[in-house]
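Asks: If it helps, the file is called model.pdb and holds PDB, C-alpha atoms, pLDDT in the B column:
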ATOM      1  CA  GLY U   1     -30.461  36.613 -56.119  1.00 57.00           C
ATOM      2  CA  MET U   2     -26.973  37.097 -57.371  1.00 59.00           C
ATOM      3  CA  SER U   3     -26.997  34.003 -59.610  1.00 63.00           C
ATOM      4  CA  ALA U   4     -29.389  35.767 -61.998  1.00 63.00           C
ATOM      5  CA  ARG U   5     -26.847  38.606 -62.366  1.00 65.00           C
ATOM      6  CA  ILE U   6     -23.714  36.534 -63.119  1.00 66.00           C
ATOM      7  CA  ALA U   7     -22.355  36.973 -66.642  1.00 68.00           C
ATOM      8  CA  THR U   8     -21.921  33.768 -68.601  1.00 66.00           C
ATOM      9  CA  PRO U   9     -18.265  33.234 -69.544  1.00 64.00           C
ATOM     10  CA  SER U  10     -17.251  32.639 -73.136  1.00 66.00           C
ATOM     11  CA  ALA U  11     -14.189  31.182 -74.813  1.00 69.00           C
ATOM     12  CA  LYS U  12     -13.577  31.133 -78.560  1.00 71.00           C
ATOM     13  CA  GLY U  13     -17.229  31.940 -79.248  1.00 71.00           C
ATOM     14  CA  THR U  14     -18.602  29.199 -76.995  1.00 72.00           C
ATOM     15  CA  TRP U  15     -20.651  29.868 -73.860  1.00 67.00           C
ATOM     16  CA  LEU U  16     -19.304  28.053 -70.811  1.00 64.00           C
ATOM     17  CA  GLU U  17     -20.832  26.859 -67.567  1.00 71.00           C
ATOM     18  CA  THR U  18     -20.500  29.481 -64.806  1.00 67.00           C
ATOM     19  CA  ASP U  19     -18.309  28.420 -61.873  1.00 65.00           C
ATOM     20  CA  LYS U  20     -20.561  28.676 -58.812  1.00 65.00           C
ATOM     21  CA  SER U  21     -18.273  27.514 -56.024  1.00 67.00           C
ATOM     22  CA  SER U  22     -19.986  27.086 -52.666  1.00 71.00           C
ATOM     23  CA  GLU U  23     -16.712  27.330 -50.738  1.00 73.00           C
ATOM     24  CA  VAL U  24     -15.057  30.605 -49.805  1.00 67.00           C
ATOM     25  CA  LEU U  25     -11.499  30.976 -51.061  1.00 65.00           C
ATOM     26  CA  ALA U  26      -9.799  34.351 -50.578  1.00 62.00           C
ATOM     27  CA  ALA U  27      -7.454  33.900 -53.539  1.00 62.00           C
ATOM     28  CA  ASP U  28      -9.996  32.882 -56.170  1.00 66.00           C
ATOM     29  CA  ASN U  29     -13.515  33.135 -57.545  1.00 68.00           C
ATOM     30  CA  VAL U  30     -14.627  36.479 -56.167  1.00 73.00           C
ATOM     31  CA  HIS U  31     -18.203  37.168 -57.183  1.00 75.00           C
ATOM     32  CA  THR U  32     -18.889  40.893 -57.206  1.00 81.00           C
ATOM     33  CA  THR U  33     -20.185  43.740 -59.298  1.00 81.00           C
ATOM     34  CA  ALA U  34     -18.002  46.416 -60.851  1.00 82.00           C
ATOM     35  CA  ALA U  35     -19.676  49.000 -58.572  1.00 87.00           C
ATOM     36  CA  ASP U  36     -18.959  47.013 -55.394  1.00 90.00           C
ATOM     37  CA  TYR U  37     -15.398  46.333 -56.475  1.00 88.00           C
ATOM     38  CA  ALA U  38     -14.963  50.064 -57.173  1.00 89.00           C
ATOM     39  CA  ARG U  39     -16.154  50.834 -53.609  1.00 93.00           C
ATOM     40  CA  PHE U  40     -13.590  48.338 -52.314  1.00 93.00           C
ATOM     41  CA  LEU U  41     -10.879  50.087 -54.341  1.00 94.00           C
ATOM     42  CA  GLN U  42     -11.908  53.435 -52.865  1.00 95.00           C
ATOM     43  CA  GLY U  43     -11.200  51.922 -49.447  1.00 95.00           C
ATOM     44  CA  ILE U  44      -7.793  50.746 -50.685  1.00 94.00           C
ATOM     45  CA  ILE U  45      -7.002  54.269 -51.907  1.00 95.00           C
ATOM     46  CA  ARG U  46      -7.922  55.708 -48.497  1.00 95.00           C
ATOM     47  CA  GLY U  47      -6.136  52.941 -46.576  1.00 93.00           C
ATOM     48  CA  GLU U  48      -9.307  52.002 -44.718  1.00 95.00           C
ATOM     49  CA  GLY U  49      -9.376  49.059 -42.332  1.00 94.00           C
ATOM     50  CA  VAL U  50      -5.611  48.713 -41.947  1.00 93.00           C
ATOM     51  CA  SER U  51      -3.066  50.201 -39.575  1.00 96.00           C
ATOM     52  CA  PRO U  52      -0.419  52.585 -40.947  1.00 94.00           C
ATOM     53  CA  ALA U  53       2.193  49.819 -40.541  1.00 95.00           C
ATOM     54  CA  LEU U  54       0.071  47.320 -42.467  1.00 94.00           C
ATOM     55  CA  ARG U  55      -0.659  49.962 -45.106  1.00 92.00           C
ATOM     56  CA  ALA U  56       3.100  50.442 -45.617  1.00 92.00           C
ATOM     57  CA  GLU U  57       3.519  46.673 -46.042  1.00 92.00           C
ATOM     58  CA  GLN U  58       0.518  46.492 -48.383  1.00 90.00           C
ATOM     59  CA  THR U  59       2.134  48.915 -50.815  1.00 91.00           C
ATOM     60  CA  ARG U  60       5.739  47.694 -50.473  1.00 94.00           C
ATOM     61  CA  VAL U  61       7.208  45.150 -52.909  1.00 97.00           C
ATOM     62  CA  GLN U  62       7.415  41.951 -50.835  1.00 96.00           C
ATOM     63  CA  SER U  63       8.586  39.680 -53.653  1.00 96.00           C
ATOM     64  CA  ASP U  64      10.779  41.492 -56.167  1.00 97.00           C
ATOM     65  CA  ARG U  65      10.023  40.643 -59.816  1.00 96.00           C
ATOM     66  CA  ARG U  66      11.590  43.732 -61.391  1.00 96.00           C
ATOM     67  CA  LEU U  67      14.184  41.888 -63.497  1.00 94.00           C
ATOM     68  CA  GLU U  68      11.603  39.453 -64.849  1.00 94.00           C
ATOM     69  CA  LEU U  69       8.948  42.113 -65.519  1.00 93.00           C
ATOM     70  CA  CYS U  70      11.361  44.618 -67.056  1.00 94.00           C
ATOM     71  CA  ARG U  71      13.246  42.319 -69.402  1.00 93.00           C
ATOM     72  CA  LYS U  72      11.110  43.335 -72.417  1.00 90.00           C
ATOM     73  CA  VAL U  73      11.136  47.110 -71.850  1.00 91.00           C
ATOM     74  CA  GLU U  74      13.630  49.934 -72.138  1.00 93.00           C
ATOM     75  CA  ALA U  75      15.261  50.707 -68.805  1.00 92.00           C
ATOM     76  CA  LYS U  76      13.665  54.170 -68.691  1.00 93.00           C
ATOM     77  CA  LEU U  77      10.163  52.582 -68.681  1.00 94.00           C
ATOM     78  CA  CYS U  78      10.848  50.212 -65.789  1.00 96.00           C
ATOM     79  CA  PRO U  79       9.500  51.189 -62.351  1.00 97.00           C
ATOM     80  CA  LYS U  80      11.918  51.613 -59.444  1.00 96.00           C
ATOM     81  CA  GLY U  81      10.225  48.607 -57.824  1.00 97.00           C
ATOM     82  CA  ALA U  82       7.983  45.905 -59.273  1.00 97.00           C
ATOM     83  CA  GLY U  83       6.640  42.706 -57.785  1.00 97.00           C
ATOM     84  CA  PHE U  84       4.118  41.358 -55.340  1.00 95.00           C
ATOM     85  CA  GLY U  85       2.926  43.375 -52.358  1.00 92.00           C
ATOM     86  CA  LEU U  86       0.342  42.061 -49.913  1.00 90.00           C
ATOM     87  CA  GLY U  87      -2.511  40.904 -52.134  1.00 87.00           C
ATOM     88  CA  TRP U  88      -1.478  43.170 -54.996  1.00 92.00           C
ATOM     89  CA  GLU U  89       1.135  43.571 -57.657  1.00 95.00           C
ATOM     90  CA  ALA U  90       2.989  46.755 -56.682  1.00 97.00           C
ATOM     91  CA  TYR U  91       4.697  49.107 -59.127  1.00 97.00           C
ATOM     92  CA  VAL U  92       6.774  51.733 -57.338  1.00 97.00           C
ATOM     93  CA  PHE U  93       7.840  54.913 -59.096  1.00 96.00           C
ATOM     94  CA  GLU U  94       9.904  57.744 -57.592  1.00 93.00           C
ATOM     95  CA  ASP U  95       6.837  59.631 -56.362  1.00 94.00           C
ATOM     96  CA  THR U  96       3.924  57.201 -56.460  1.00 94.00           C
ATOM     97  CA  THR U  97       2.834  53.565 -56.272  1.00 96.00           C
ATOM     98  CA  VAL U  98       0.359  51.767 -58.506  1.00 97.00           C
ATOM     99  CA  LEU U  99      -1.315  48.554 -57.332  1.00 96.00           C
ATOM    100  CA  MET U 100      -2.780  45.996 -59.724  1.00 95.00           C
ATOM    101  CA  HIS U 101      -4.683  42.748 -59.342  1.00 91.00           C
ATOM    102  CA  THR U 102      -5.632  40.519 -62.246  1.00 88.00           C
ATOM    103  CA  GLY U 103      -7.485  37.273 -62.613  1.00 81.00           C
ATOM    104  CA  ASN U 104      -8.218  34.887 -65.435  1.00 77.00           C
ATOM    105  CA  ASP U 105     -10.276  31.729 -65.535  1.00 73.00           C
ATOM    106  CA  ARG U 106     -12.003  29.854 -68.301  1.00 73.00           C
ATOM    107  CA  GLY U 107     -13.860  32.548 -70.212  1.00 73.00           C
ATOM    108  CA  GLU U 108     -13.277  35.278 -67.645  1.00 76.00           C
ATOM    109  CA  SER U 109     -10.756  38.097 -67.267  1.00 80.00           C
ATOM    110  CA  ALA U 110     -10.550  40.776 -64.609  1.00 84.00           C
ATOM    111  CA  MET U 111      -8.234  43.644 -63.764  1.00 88.00           C
ATOM    112  CA  ALA U 112      -8.194  46.244 -61.007  1.00 92.00           C
ATOM    113  CA  VAL U 113      -5.640  49.060 -60.973  1.00 94.00           C
ATOM    114  CA  VAL U 114      -5.237  51.534 -58.103  1.00 95.00           C
ATOM    115  CA  ASP U 115      -3.205  54.683 -58.715  1.00 95.00           C
ATOM    116  CA  LEU U 116      -2.365  55.765 -55.165  1.00 95.00           C
ATOM    117  CA  GLY U 117      -0.697  59.021 -56.243  1.00 93.00           C
ATOM    118  CA  ARG U 118      -3.704  60.288 -58.181  1.00 92.00           C
ATOM    119  CA  GLY U 119      -6.306  58.594 -56.016  1.00 94.00           C
ATOM    120  CA  ASP U 120      -7.904  56.933 -59.042  1.00 92.00           C
ATOM    121  CA  ALA U 121      -8.762  53.346 -59.870  1.00 93.00           C
ATOM    122  CA  LEU U 122     -10.104  51.251 -62.721  1.00 91.00           C
ATOM    123  CA  VAL U 123     -12.037  47.975 -62.637  1.00 89.00           C
ATOM    124  CA  VAL U 124     -12.391  45.841 -65.772  1.00 87.00           C
ATOM    125  CA  LEU U 125     -14.573  42.716 -65.485  1.00 83.00           C
ATOM    126  CA  THR U 126     -15.159  40.705 -68.653  1.00 80.00           C
ATOM    127  CA  ASN U 127     -16.711  37.415 -69.677  1.00 76.00           C
ATOM    128  CA  SER U 128     -14.063  36.589 -72.246  1.00 74.00           C
ATOM    129  CA  ASN U 129     -10.629  34.954 -72.302  1.00 70.00           C
ATOM    130  CA  ASN U 130      -9.225  37.979 -74.134  1.00 71.00           C
ATOM    131  CA  GLY U 131     -11.126  40.621 -72.186  1.00 68.00           C
ATOM    132  CA  ILE U 132      -8.043  42.229 -70.714  1.00 68.00           C
ATOM    133  CA  SER U 133      -6.981  43.321 -74.205  1.00 72.00           C
ATOM    134  CA  VAL U 134      -9.454  46.219 -73.831  1.00 75.00           C
ATOM    135  CA  ALA U 135      -7.901  47.328 -70.535  1.00 77.00           C
ATOM    136  CA  ALA U 136      -4.820  48.992 -72.030  1.00 73.00           C
ATOM    137  CA  ASP U 137      -6.906  51.533 -73.924  1.00 77.00           C
ATOM    138  CA  LEU U 138      -9.045  52.138 -70.862  1.00 85.00           C
ATOM    139  CA  LEU U 139      -6.040  52.728 -68.582  1.00 84.00           C
ATOM    140  CA  GLU U 140      -4.805  55.443 -70.901  1.00 83.00           C
ATOM    141  CA  LYS U 141      -8.226  57.015 -71.478  1.00 87.00           C
ATOM    142  CA  VAL U 142      -9.087  57.346 -67.776  1.00 87.00           C
ATOM    143  CA  GLY U 143      -5.765  59.068 -67.096  1.00 86.00           C
ATOM    144  CA  LEU U 144      -4.050  56.630 -64.758  1.00 89.00           C
ATOM    145  CA  GLU U 145      -0.335  57.095 -64.061  1.00 92.00           C
ATOM    146  CA  PRO U 146       1.203  57.397 -67.565  1.00 93.00           C
ATOM    147  CA  ARG U 147       4.509  55.770 -66.536  1.00 94.00           C
ATOM    148  CA  PHE U 148       2.610  52.677 -65.378  1.00 94.00           C
ATOM    149  CA  VAL U 149       0.505  52.598 -68.559  1.00 91.00           C
ATOM    150  CA  ASP U 150       3.645  52.880 -70.731  1.00 91.00           C
ATOM    151  CA  PHE U 151       5.340  50.123 -68.752  1.00 93.00           C
ATOM    152  CA  LEU U 152       2.316  47.823 -68.981  1.00 89.00           C
ATOM    153  CA  LEU U 153       1.834  48.407 -72.716  1.00 86.00           C
ATOM    154  CA  HIS U 154       5.475  47.691 -73.522  1.00 85.00           C
ATOM    155  CA  SER U 155       6.042  44.768 -71.158  1.00 84.00           C
ATOM    156  CA  GLN U 156       3.359  42.507 -72.648  1.00 75.00           C
TER     157      GLN U 156
END
Could you show the structure in this file as structure tokens?

Replies:
Amino acid sequence: GMSARIATPSAKGTWLETDKSSEVLAADNVHTTAADYARFLQGIIRGEGVSPALRAEQTRVQSDRRLELCRKVEAKLCPKGAGFGLGWEAYVFEDTTVLMHTGNDRGESAMAVVDLGRGDALVVLTNSNNGISVAADLLEKVGLEPRFVDFLLHSQ
């Protein structure tokens, strides 16, 4: 079963009990593999399972956070739009949109980035509180939208 394949979370060098919720909650505690999540992201890139109107809403900034997110970066690094879309953080540049979803719990960190312009995505699943610190290098190495990578690196 899946329980034998769940990574044990760690925090500050201590192994923690794995959260094995029996209730389904769309906003939290997704249990998946990197490969299955990558297949899901491929569907997001292709716009599968949603109407064109819903797709437009999915990639549009619904809750503008540009001022908050851009306060630490030079104006030239800030996307044209930044905030929450439907289920994703959306970063809108002149010619492309990048979607990102992150999650952190005790001893766990996860990040998914979808570069709609290039049709590429990256999934980072870790069993560490500081696991996302490796994601910045990975984003650059896999060749995701450089403007998004620059923004993310400088806004932290």

Asks: List the residues matched by the PyMOL selection byres ((chain U and resi 114-120) around 6) in the displayed structure as a PyMOL selection string, ordered by chain and then by residue number.

Replies: chain U and resi 45+96-99+113+121

Asks: Would you mind telling me which residue in U:Asp150, U:Ala34, U:Leu122, U:Gln156 lies nearest to Lys76 (chain U) when using all atoms listed in the file?

Replies: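 Checking each candidate against Lys76 (chain U), we get U:Asp150 as the closest.
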
Asks: For this file, the PyMOL selection byres ((chain U and resi 102) around 9) selects which residues, as an NGL selection string?

Replies: :U and (88-89 or 100-101 or 103-104 or 109-113 or 132)

Asks: Applying the PyMOL selection byres ((chain U and resi 147) around 10) to the file I just gave you, which residues come out? Please list them as a list in words.

Replies: Lys76, Leu77, Cys78, Pro79, Tyr91, Phe93, Val98, Leu144, Glu145, Pro146, Phe148, Val149, Asp150, Phe151, Leu152 and Leu153 of chain U

Asks: May I ask which of the residues U:Leu125, U:Ala56, U:Ala35, U:Val134 is the closest one to Gly85 (chain U), counting all atoms listed in the file?

Replies: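 Of U:Leu125, U:Ala56, U:Ala35, U:Val134, the one nearest Gly85 (chain U) is U:Ala56, counting all atoms listed in the file.
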
Asks: May I ask which of the residues U:Arg46, U:Arg65, U:His31, U:Lys72 is the closest one to Val92 (chain U), counting all atoms listed in the file?

Replies: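 Checking each of U:Arg46, U:Arg65, U:His31, U:Lys72 against Val92 (chain U), counting all atoms listed in the file, the winner is U:Arg65.
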
Asks: Of the candidates U:Tyr37, U:Gly87, U:Gly81, U:Ser155, which one gets nearest to Arg55 (chain U) if we count only C-alpha atoms?

Replies: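 Counting only C-alpha atoms, the residue closest to Arg55 (chain U) is U:Gly87.
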
Asks: In Å, with one decimal, what is the gap from CA of Val142 (chain U) to CA of Lys80 (chain U)?

Replies: 23.3 Å

Asks: Which polymer residues have any atom within 12 Å of an atom of Leu54 (chain U), counting only C-alpha atoms, with same-chain residues fewer than 5 positions away left out, as a PyMOL selection string?

Replies: chain U and resi 44+47-49+59-60+85-87

Asks: Measure the distance from CA of Pro52 (chain U) to CA of Val30 (chain U) in Å and round it to one decimal.

Replies: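 Interatomic distance here is 26.3 Å.
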
Asks: Distance CA of Thr126 (chain U)-CA of Val73 (chain U), one decimal place?

Replies: 27.3 Å
